[in-house]
$ cat target-v8.txt   # compact mmCIF, C-alpha atoms and all ligand atoms
# COMPACT_ATOMS: atom_id res chain seq x y z
CA MET A 1 -7.35 1.85 -5.37
CA ILE A 2 -4.45 2.98 -7.52
CA ARG A 3 -5.67 3.42 -11.06
CA LEU A 4 -3.77 4.17 -14.25
CA CYS A 5 -6.09 4.75 -17.18
CA GLY A 6 -5.31 5.14 -20.89
CA ILE A 7 -1.69 6.14 -20.30
CA ARG A 8 0.07 7.21 -23.50
CA LYS A 9 3.68 8.35 -23.52
CA ARG A 10 6.00 9.10 -26.42
CA PHE A 11 9.65 9.99 -26.64
CA GLY A 12 9.93 11.81 -29.99
CA GLU A 13 8.70 9.39 -32.66
CA ASN A 14 8.74 6.48 -30.25
CA LEU A 15 5.29 5.75 -28.77
CA VAL A 16 6.39 3.88 -25.67
CA LEU A 17 3.09 3.49 -23.79
CA ARG A 18 0.05 2.93 -26.00
CA GLY A 19 -2.91 3.34 -23.70
CA VAL A 20 -2.07 1.40 -20.57
CA ASP A 21 -4.83 0.60 -18.06
CA LEU A 22 -3.68 -0.83 -14.77
CA ASP A 23 -5.26 -1.06 -11.31
CA VAL A 24 -3.45 -1.87 -8.10
CA PRO A 25 -5.99 -2.48 -5.33
CA GLU A 26 -5.06 -0.97 -1.99
CA GLY A 27 -2.97 -3.33 0.12
CA HIS A 28 -2.01 -5.44 -2.89
CA VAL A 29 1.08 -5.91 -5.02
CA THR A 30 1.20 -5.96 -8.81
CA ALA A 31 4.33 -7.17 -10.58
CA LEU A 32 5.00 -5.78 -14.02
CA ILE A 33 6.92 -8.12 -16.28
CA GLY A 34 7.91 -7.81 -19.92
CA PRO A 35 10.84 -7.72 -22.30
CA SER A 36 13.55 -5.11 -22.06
CA GLY A 37 12.34 -1.95 -23.76
CA SER A 38 8.65 -2.77 -23.35
CA GLY A 39 8.09 0.35 -21.25
CA LYS A 40 8.12 -0.95 -17.66
CA SER A 41 10.40 1.76 -16.27
CA THR A 42 8.56 4.42 -18.23
CA LEU A 43 5.25 3.24 -16.81
CA LEU A 44 6.59 3.41 -13.24
CA ARG A 45 8.10 6.84 -13.88
CA THR A 46 4.80 7.98 -15.34
CA ALA A 47 2.85 6.63 -12.36
CA ASN A 48 4.69 9.09 -10.10
CA LEU A 49 4.88 11.77 -12.80
CA LEU A 50 8.66 11.82 -13.09
CA GLU A 51 7.57 11.53 -16.74
CA LEU A 52 4.43 13.33 -17.85
CA PRO A 53 2.15 11.33 -20.18
CA GLU A 54 0.48 12.84 -23.26
CA ALA A 55 -2.82 11.28 -22.31
CA GLY A 56 -4.43 9.31 -19.52
CA SER A 57 -5.33 9.67 -15.89
CA ILE A 58 -3.60 8.67 -12.69
CA GLU A 59 -5.44 8.17 -9.46
CA ILE A 60 -3.58 7.56 -6.22
CA GLY A 61 -5.28 7.82 -2.85
CA ASP A 62 -7.52 10.88 -2.87
CA HIS A 63 -5.66 12.48 -5.74
CA ARG A 64 -6.35 12.27 -9.46
CA VAL A 65 -4.73 13.98 -12.44
CA VAL A 66 -5.90 13.90 -16.04
CA PHE A 67 -3.77 14.53 -19.12
CA GLU A 68 -5.39 15.40 -22.44
CA ASP A 69 -4.02 16.95 -25.61
CA GLY A 70 -3.12 20.50 -24.81
CA ILE A 71 -4.30 20.41 -21.20
CA LYS A 72 -1.73 20.03 -18.44
CA PRO A 73 -2.69 19.64 -14.80
CA GLN A 74 -1.68 22.28 -12.27
CA PRO A 75 1.82 21.87 -10.84
CA SER A 76 0.23 21.45 -7.41
CA ALA A 77 -1.84 18.49 -8.69
CA ILE A 78 1.36 16.89 -10.04
CA LEU A 79 3.11 17.46 -6.72
CA ASN A 80 0.19 15.88 -4.85
CA ILE A 81 0.53 12.68 -6.88
CA ARG A 82 4.32 12.60 -6.48
CA ARG A 83 4.00 12.91 -2.75
CA GLN A 84 1.76 9.84 -2.58
CA THR A 85 4.56 7.66 -3.92
CA GLY A 86 7.93 6.28 -2.93
CA MET A 87 10.36 4.78 -5.44
CA VAL A 88 13.04 2.10 -5.25
CA PHE A 89 15.50 1.95 -8.15
CA GLN A 90 17.55 -0.88 -9.60
CA ASN A 91 20.79 0.83 -8.63
CA PHE A 92 19.71 2.02 -5.16
CA GLN A 93 20.56 5.70 -5.83
CA LEU A 94 21.43 6.55 -2.26
CA PHE A 95 23.00 9.96 -1.70
CA PRO A 96 26.70 9.00 -1.54
CA HIS A 97 27.80 11.88 0.69
CA ARG A 98 25.20 11.28 3.39
CA SER A 99 25.15 8.68 6.10
CA VAL A 100 22.60 5.90 6.00
CA VAL A 101 20.31 7.54 8.54
CA ALA A 102 20.59 10.92 6.77
CA ASN A 103 19.53 9.23 3.52
CA VAL A 104 16.38 7.91 5.17
CA MET A 105 15.59 11.26 6.85
CA GLU A 106 16.15 13.41 3.78
CA GLY A 107 12.61 13.54 2.37
CA LEU A 108 10.99 13.83 5.78
CA VAL A 109 13.02 16.94 6.54
CA THR A 110 13.15 18.65 3.13
CA VAL A 111 9.74 17.74 1.68
CA TRP A 112 7.62 17.11 4.75
CA LYS A 113 9.34 19.65 7.03
CA TRP A 114 9.61 17.29 9.96
CA PRO A 115 11.87 18.50 12.79
CA THR A 116 15.27 16.79 12.57
CA ASP A 117 15.03 14.87 15.83
CA LYS A 118 11.61 13.42 14.99
CA ALA A 119 12.79 12.50 11.47
CA LYS A 120 15.85 10.81 12.90
CA ARG A 121 13.83 8.75 15.36
CA HIS A 122 11.50 7.62 12.60
CA ALA A 123 14.45 6.85 10.28
CA LEU A 124 16.04 4.66 12.97
CA GLU A 125 12.78 2.74 13.38
CA LEU A 126 12.65 2.15 9.63
CA LEU A 127 16.27 0.99 9.59
CA GLU A 128 15.37 -1.47 12.33
CA LYS A 129 12.52 -2.75 10.18
CA VAL A 130 14.83 -3.46 7.22
CA GLY A 131 17.49 -5.02 9.45
CA MET A 132 19.94 -2.12 9.15
CA SER A 133 19.71 -0.51 12.59
CA ASP A 134 23.42 -1.02 13.31
CA LYS A 135 24.45 0.84 10.11
CA GLY A 136 22.84 4.24 10.67
CA ASP A 137 26.18 6.06 10.74
CA ALA A 138 27.74 4.14 7.85
CA TRP A 139 28.40 5.61 4.40
CA PRO A 140 26.47 3.97 1.57
CA ALA A 141 29.65 2.95 -0.29
CA THR A 142 30.73 0.75 2.64
CA LEU A 143 27.56 -1.38 2.38
CA SER A 144 26.82 -4.41 0.22
CA GLY A 145 24.31 -3.96 -2.61
CA GLY A 146 21.66 -5.80 -0.61
CA GLN A 147 22.23 -3.52 2.37
CA GLN A 148 22.11 -0.41 0.16
CA GLN A 149 18.85 -1.55 -1.35
CA ARG A 150 17.35 -2.17 2.09
CA VAL A 151 18.31 1.39 3.07
CA ALA A 152 16.77 2.64 -0.18
CA ILE A 153 13.55 0.82 0.70
CA ALA A 154 13.53 2.42 4.17
CA ARG A 155 13.98 5.81 2.49
CA ALA A 156 11.19 5.12 -0.02
CA ILE A 157 8.65 4.22 2.68
CA ALA A 158 9.73 6.94 5.15
CA ALA A 159 6.76 9.21 4.47
CA SER A 160 4.29 6.28 4.37
CA PRO A 161 3.49 6.61 0.66
CA THR A 162 0.15 5.36 -0.64
CA LEU A 163 2.02 3.55 -3.43
CA LEU A 164 5.51 2.07 -3.42
CA LEU A 165 7.06 1.79 -6.89
CA CYS A 166 9.99 -0.60 -7.33
CA ASP A 167 11.95 -0.74 -10.59
CA GLU A 168 13.84 -4.06 -10.82
CA PRO A 169 14.76 -3.89 -7.12
CA THR A 170 16.80 -7.11 -7.16
CA SER A 171 18.31 -7.01 -10.67
CA ALA A 172 21.66 -5.55 -9.64
CA LEU A 173 22.17 -8.08 -6.83
CA ASP A 174 23.70 -11.54 -6.52
CA PRO A 175 21.08 -14.15 -5.59
CA GLU A 176 22.06 -14.24 -1.94
CA LEU A 177 21.78 -10.44 -1.56
CA ALA A 178 18.62 -10.38 -3.68
CA ALA A 179 17.11 -12.79 -1.14
CA GLU A 180 17.54 -10.20 1.66
CA VAL A 181 15.68 -7.66 -0.41
CA VAL A 182 12.93 -10.15 -1.32
CA GLU A 183 12.48 -10.78 2.43
CA VAL A 184 12.07 -7.08 3.18
CA LEU A 185 9.64 -6.50 0.28
CA SER A 186 7.72 -9.58 1.26
CA SER A 187 7.29 -8.35 4.84
CA LEU A 188 6.11 -4.96 3.56
CA ALA A 189 3.59 -6.73 1.34
CA ALA A 190 2.38 -8.77 4.31
CA GLU A 191 1.82 -5.52 6.22
CA GLY A 192 -0.42 -4.29 3.41
CA THR A 193 1.92 -1.95 1.51
CA THR A 194 0.49 -1.22 -1.93
CA MET A 195 3.20 -1.83 -4.53
CA LEU A 196 3.77 -1.76 -8.24
CA MET A 197 7.08 -3.37 -9.17
CA ALA A 198 8.82 -4.08 -12.42
CA THR A 199 10.85 -7.26 -12.14
CA HIS A 200 12.46 -10.15 -14.00
CA ASP A 201 12.79 -12.01 -10.73
CA LEU A 202 10.29 -14.87 -10.75
CA ARG A 203 10.98 -15.66 -7.14
CA LEU A 204 10.25 -12.07 -6.12
CA ALA A 205 7.07 -11.88 -8.21
CA ALA A 206 5.78 -15.26 -7.04
CA ARG A 207 6.54 -14.46 -3.40
CA VAL A 208 5.28 -10.90 -3.20
CA ALA A 209 2.78 -10.17 -5.97
CA ASP A 210 -0.87 -11.13 -6.10
CA GLN A 211 -1.24 -9.88 -9.67
CA VAL A 212 1.20 -10.08 -12.55
CA ALA A 213 0.79 -7.85 -15.59
CA PHE A 214 2.69 -8.58 -18.79
CA LEU A 215 3.67 -5.49 -20.77
CA GLU A 216 4.78 -5.73 -24.37
CA GLY A 217 5.14 -2.99 -26.95
CA GLY A 218 3.68 -0.46 -24.55
CA GLN A 219 0.48 -2.39 -23.84
CA ILE A 220 -0.69 -4.76 -21.13
CA VAL A 221 -1.12 -8.01 -23.05
CA GLU A 222 -2.31 -10.22 -20.20
CA GLN A 223 -2.68 -10.13 -16.45
CA GLY A 224 -3.59 -12.52 -13.68
CA PRO A 225 -2.42 -14.16 -10.47
CA PRO A 226 1.25 -15.29 -10.52
CA GLU A 227 0.41 -19.02 -10.41
CA ARG A 228 -1.57 -18.73 -13.61
CA MET A 229 0.68 -16.20 -15.37
CA PHE A 230 3.81 -18.26 -14.74
CA SER A 231 2.35 -21.79 -15.16
CA HIS A 232 -0.50 -21.40 -17.64
CA PRO A 233 -0.34 -18.06 -19.47
CA SER A 234 -2.81 -17.89 -22.34
CA ASP A 235 -1.49 -15.21 -24.73
CA PRO A 236 1.22 -16.56 -27.07
CA ARG A 237 3.38 -13.50 -26.35
CA THR A 238 3.22 -14.16 -22.60
CA ILE A 239 3.95 -17.86 -23.14
CA ARG A 240 7.04 -16.98 -25.18
CA PHE A 241 8.27 -14.44 -22.64
CA VAL A 242 7.67 -16.57 -19.54
CA ARG A 243 9.74 -19.35 -21.16
CA THR A 244 12.72 -16.99 -21.32
CA LEU A 245 12.44 -16.27 -17.57
CA SER A 246 12.53 -19.80 -16.19
P1 LIG B 301 11.90 -1.29 -19.84
O1 LIG B 301 12.01 -0.71 -18.48
O2 LIG B 301 10.71 -2.20 -20.03
O3 LIG B 301 13.16 -1.96 -20.29
P2 LIG B 301 11.86 1.47 -20.72
O4 LIG B 301 10.64 2.08 -20.14
O5 LIG B 301 13.15 1.75 -20.07
O6 LIG B 301 11.64 -0.11 -20.88
O7 LIG B 301 12.01 1.92 -22.23
C1 LIG B 301 10.94 1.82 -23.18
C2 LIG B 301 11.33 2.56 -24.44
O8 LIG B 301 11.37 3.94 -24.17
C3 LIG B 301 12.69 2.18 -25.01
O9 LIG B 301 12.58 2.21 -26.41
C4 LIG B 301 13.58 3.31 -24.52
O10 LIG B 301 14.64 3.52 -25.41
C5 LIG B 301 12.64 4.50 -24.52
N1 LIG B 301 12.99 5.52 -23.52
C6 LIG B 301 12.94 5.35 -22.17
N2 LIG B 301 13.28 6.49 -21.53
C7 LIG B 301 13.57 7.39 -22.50
C8 LIG B 301 13.99 8.77 -22.50
N3 LIG B 301 14.16 9.44 -21.34
N4 LIG B 301 14.18 9.38 -23.69
C9 LIG B 301 13.97 8.72 -24.85
N5 LIG B 301 13.58 7.43 -24.93
C10 LIG B 301 13.38 6.77 -23.78
MG MG B 302 13.47 -0.81 -17.03

$ encode --input "target-v8.txt" --output "structure tokens" --more "lines below"
Ligand code: ADP
Ligand code: MG
Amino acid sequence: MIRLCGIRKRFGENLVLRGVDLDVPEGHVTALIGPSGSGKSTLLRTANLLELPEAGSIEIGDHRVVFEDGIKPQPSAILNIRRQTGMVFQNFQLFPHRSVVANVMEGLVTVWKWPTDKAKRHALELLEKVGMSDKGDAWPATLSGGQQQRVAIARAIAASPTLLLCDEPTSALDPELAAEVVEVLSSLAAEGTTMLMATHDLRLAARVADQVAFLEGGQIVEQGPPERMFSHPSDPRTIRFVRTLS
């Protein structure tokens, strides 16, 4: 179980997350929806401690960190949480001066200290899995957005993270290229990859997620299975928002 509990995060005067509780059961996918500025990206960045919350606890795999006023966890505890996660960004964020295969190997070699040849073999297997095995030697800039995102997904899952975080993984893509990425994420979900993804993409959420959580004003307002959340939401704020999506 991945468990976020009572997460509070402020930027200056702006209280962005106001006590968020969210569980992602192992092997399941939760989609996070909500208006722009509601705190989706901040919540994902807090889940892997790229941002440190003021309060709350984060539990991923066998690791748990707690934040309270004035008490910060040990750097090693923070590192342990970070290493349980992989992240996919809206704009891919591949290293531009490295080949595709080098992008996928990077974390395995630098963070996990795998020998280069073993890392390369594993990276090539992952590229195969995302349908990019013929592009290992290519430079990221020569690929389409959909191809870059598939490489970014291979990179994010390279070290078999306990939790895969995806921040609007299809938002920068034309529908046809987004479809390639939806396919890859859907096959990862079918294999039992635990994911938390922020998305505006109804097709992605309906296809991949088994829970949808609606975030507004830094709080989870409503959550439930996609069929119910998209067809019969109950909170007026969810109803209003879902109308803007379809
Ligand atoms: P979403 O992803 O739902 O659009 P964000 O998490 O990006 O929302 O942003 C939520 C709020 O937090 C916004 O008001 C945004 O301006 C603010 N915010 C996000 N990141 C930072 C930051 N690094 N510094 C200051 N404010 C930030
Ligand atoms: Mg965002």

$ residues_around --input "target-v8.txt" --residues "stretch 64-74 of chain A" --least-positions-apart "3" --cutoff "10 Å" --atoms "all atoms listed in the file" --output "ChimeraX atom specification"
/A:2-8,49,52-61,77-81

$ axis_aligned_box --input "target-v8.txt" --around "ligand LIG 301 (chain B)" --padding-each-side "6 Å" --output "JSON"
{"center_x": 12.6, "center_y": 3.6, "center_z": -22.4, "size_x": 16.0, "size_y": 23.6, "size_z": 19.9}

$ residues_near_ligand --input "target-v8.txt" --ligand "ligand MG 302 (chain B)" --cutoff "10 Å" --atoms "all atoms listed in the file" --output "PyMOL selection string"
chain A and resi 33-45+89-90+167-168+198-200

$ atom_distance --input "target-v8.txt" --atom1 "atom CA of A:Glu176" --atom2 "atom CA of A:Ser144"
11.1 Å

$ closest_residue --input "target-v8.txt" --among "A:Leu32, A:Ala141, A:Val130, A:Val151" --to "A:Val208" --atoms "all atoms listed in the file"
A:Leu32

$ atom_distance --input "target-v8.txt" --atom1 "atom CA of A:Leu164" --atom2 "atom CA of A:Ser234"
28.7 Å

$ closest_residue --input "target-v8.txt" --among "A:Thr194, A:Ser187, A:Ser133, A:Ser231" --to "A:Glu26" --atoms "all atoms listed in the file"
A:Thr194

$ atom_distance --input "target-v8.txt" --atom1 "atom C7 of ligand LIG 301 (chain B)" --atom2 "atom CA of A:Arg155"
25.0 Å

$ residues_around --input "target-v8.txt" --residues "stretch 94-111 of chain A" --least-positions-apart "5" --cutoff "10 Å" --atoms "only C-alpha atoms" --output "JSON, numbers by chain"
{"A": [83, 88, 89, 116, 117, 118, 119, 120, 121, 122, 123, 124, 126, 127, 132, 133, 135, 136, 137, 138, 139, 140, 141, 143, 148, 149, 151, 152, 153, 154, 155, 156, 157, 158, 159]}

$ closest_residue --input "target-v8.txt" --among "A:Ala172, A:Leu215, A:Leu22, A:Leu196" --to "ligand LIG 301 (chain B)" --atoms "all atoms listed in the file"
A:Leu215

$ closest_residue --input "target-v8.txt" --among "A:Ile220, A:Leu173, A:Val24, A:Met1" --to "ligand LIG 301 (chain B)" --atoms "all atoms listed in the file"
A:Ile220

$ closest_residue --input "target-v8.txt" --among "A:Asp23, A:Glu128, A:Glu227, A:Glu13" --to "A:Leu163" --atoms "only C-alpha atoms"
A:Asp23

$ closest_residue --input "target-v8.txt" --among "A:Ser171, A:Ser160, A:Ser246, A:Ala179" --to "ligand LIG 301 (chain B)" --atoms "only C-alpha atoms and all ligand atoms"
A:Ser171

$ residues_around --input "target-v8.txt" --residues "A:Ala206" --least-positions-apart "6" --cutoff "10 Å" --atoms "all atoms listed in the file" --output "JSON, numbers by chain"
{"A": [31, 212, 225, 226, 227, 229, 230]}

$ write_last_selection --input "target-v8.txt" --atoms "C-alpha atoms" --output "PDB file, in the frame of the given file"
ATOM      1  CA  ALA A  31       4.330  -7.170 -10.580  1.00  0.00           C
ATOM      2  CA  VAL A 212       1.200 -10.080 -12.550  1.00  0.00           C
ATOM      3  CA  PRO A 225      -2.420 -14.160 -10.470  1.00  0.00           C
ATOM      4  CA  PRO A 226       1.250 -15.290 -10.520  1.00  0.00           C
ATOM      5  CA  GLU A 227       0.410 -19.020 -10.410  1.00  0.00           C
ATOM      6  CA  MET A 229       0.680 -16.200 -15.370  1.00  0.00           C
ATOM      7  CA  PHE A 230       3.810 -18.260 -14.740  1.00  0.00           C
TER       8      PHE A 230
END

$ build_atoms --input "target-v8.txt" --residues "stretch 177-208 of chain A" --atoms "N, CA and C atoms" --output "short mmCIF file (atom, residue, chain, number, x, y, z; two decimals), in the frame of the given file"
data_model
loop_
_atom_site.label_atom_id
_atom_site.label_comp_id
_atom_site.auth_asym_id
_atom_site.auth_seq_id
_atom_site.Cartn_x
_atom_site.Cartn_y
_atom_site.Cartn_z
N LEU A 177 22.13 -11.79 -2.02
CA LEU A 177 21.78 -10.44 -1.56
C LEU A 177 20.37 -10.09 -2.03
N ALA A 178 19.99 -10.59 -3.20
CA ALA A 178 18.62 -10.38 -3.68
C ALA A 178 17.64 -10.98 -2.68
N ALA A 179 18.01 -12.12 -2.09
CA ALA A 179 17.11 -12.79 -1.14
C ALA A 179 16.78 -11.90 0.06
N GLU A 180 17.78 -11.13 0.53
CA GLU A 180 17.54 -10.20 1.66
C GLU A 180 16.49 -9.18 1.28
N VAL A 181 16.59 -8.71 0.05
CA VAL A 181 15.68 -7.66 -0.41
C VAL A 181 14.28 -8.25 -0.63
N VAL A 182 14.22 -9.47 -1.15
CA VAL A 182 12.93 -10.15 -1.32
C VAL A 182 12.25 -10.29 0.05
N GLU A 183 13.04 -10.66 1.07
CA GLU A 183 12.48 -10.78 2.43
C GLU A 183 11.84 -9.48 2.89
N VAL A 184 12.57 -8.38 2.71
CA VAL A 184 12.07 -7.08 3.18
C VAL A 184 10.80 -6.69 2.41
N LEU A 185 10.82 -6.87 1.09
CA LEU A 185 9.64 -6.50 0.28
C LEU A 185 8.46 -7.40 0.63
N SER A 186 8.77 -8.66 0.91
CA SER A 186 7.72 -9.58 1.26
C SER A 186 7.08 -9.21 2.60
N SER A 187 7.89 -8.74 3.56
CA SER A 187 7.29 -8.35 4.84
C SER A 187 6.49 -7.06 4.68
N LEU A 188 6.92 -6.16 3.82
CA LEU A 188 6.11 -4.96 3.56
C LEU A 188 4.78 -5.33 2.93
N ALA A 189 4.82 -6.28 1.99
CA ALA A 189 3.59 -6.73 1.34
C ALA A 189 2.65 -7.33 2.37
N ALA A 190 3.21 -8.13 3.29
CA ALA A 190 2.38 -8.77 4.31
C ALA A 190 1.73 -7.74 5.23
N GLU A 191 2.40 -6.59 5.39
CA GLU A 191 1.82 -5.52 6.22
C GLU A 191 0.78 -4.71 5.46
N GLY A 192 0.62 -5.00 4.17
CA GLY A 192 -0.42 -4.29 3.41
C GLY A 192 0.08 -3.08 2.63
N THR A 193 1.39 -3.04 2.34
CA THR A 193 1.92 -1.95 1.51
C THR A 193 1.47 -2.16 0.07
N THR A 194 0.92 -1.14 -0.54
CA THR A 194 0.49 -1.22 -1.93
C THR A 194 1.71 -0.98 -2.83
N MET A 195 1.98 -1.94 -3.72
CA MET A 195 3.20 -1.83 -4.53
C MET A 195 2.94 -2.13 -5.99
N LEU A 196 3.69 -1.43 -6.83
CA LEU A 196 3.77 -1.76 -8.24
C LEU A 196 5.25 -1.94 -8.54
N MET A 197 5.65 -3.14 -8.95
CA MET A 197 7.08 -3.37 -9.17
C MET A 197 7.37 -4.04 -10.49
N ALA A 198 8.32 -3.45 -11.21
CA ALA A 198 8.82 -4.08 -12.42
C ALA A 198 9.89 -5.06 -12.00
N THR A 199 9.83 -6.28 -12.53
CA THR A 199 10.85 -7.26 -12.14
C THR A 199 10.99 -8.40 -13.15
N HIS A 200 12.22 -8.92 -13.24
CA HIS A 200 12.46 -10.15 -14.00
C HIS A 200 12.60 -11.33 -13.05
N ASP A 201 12.46 -11.03 -11.76
CA ASP A 201 12.79 -12.01 -10.73
C ASP A 201 11.53 -12.81 -10.40
N LEU A 202 11.47 -14.03 -10.95
CA LEU A 202 10.29 -14.87 -10.75
C LEU A 202 10.03 -15.15 -9.29
N ARG A 203 11.13 -15.34 -8.56
CA ARG A 203 10.98 -15.66 -7.14
C ARG A 203 10.34 -14.48 -6.41
N LEU A 204 10.81 -13.28 -6.74
CA LEU A 204 10.25 -12.07 -6.12
C LEU A 204 8.77 -11.94 -6.49
N ALA A 205 8.46 -12.06 -7.77
CA ALA A 205 7.07 -11.88 -8.21
C ALA A 205 6.17 -12.93 -7.57
N ALA A 206 6.62 -14.19 -7.57
CA ALA A 206 5.78 -15.26 -7.04
C ALA A 206 5.57 -15.10 -5.54
N ARG A 207 6.59 -14.58 -4.85
CA ARG A 207 6.54 -14.46 -3.40
C ARG A 207 5.70 -13.27 -2.95
N VAL A 208 5.81 -12.17 -3.69
CA VAL A 208 5.28 -10.90 -3.20
C VAL A 208 4.00 -10.45 -3.90
#
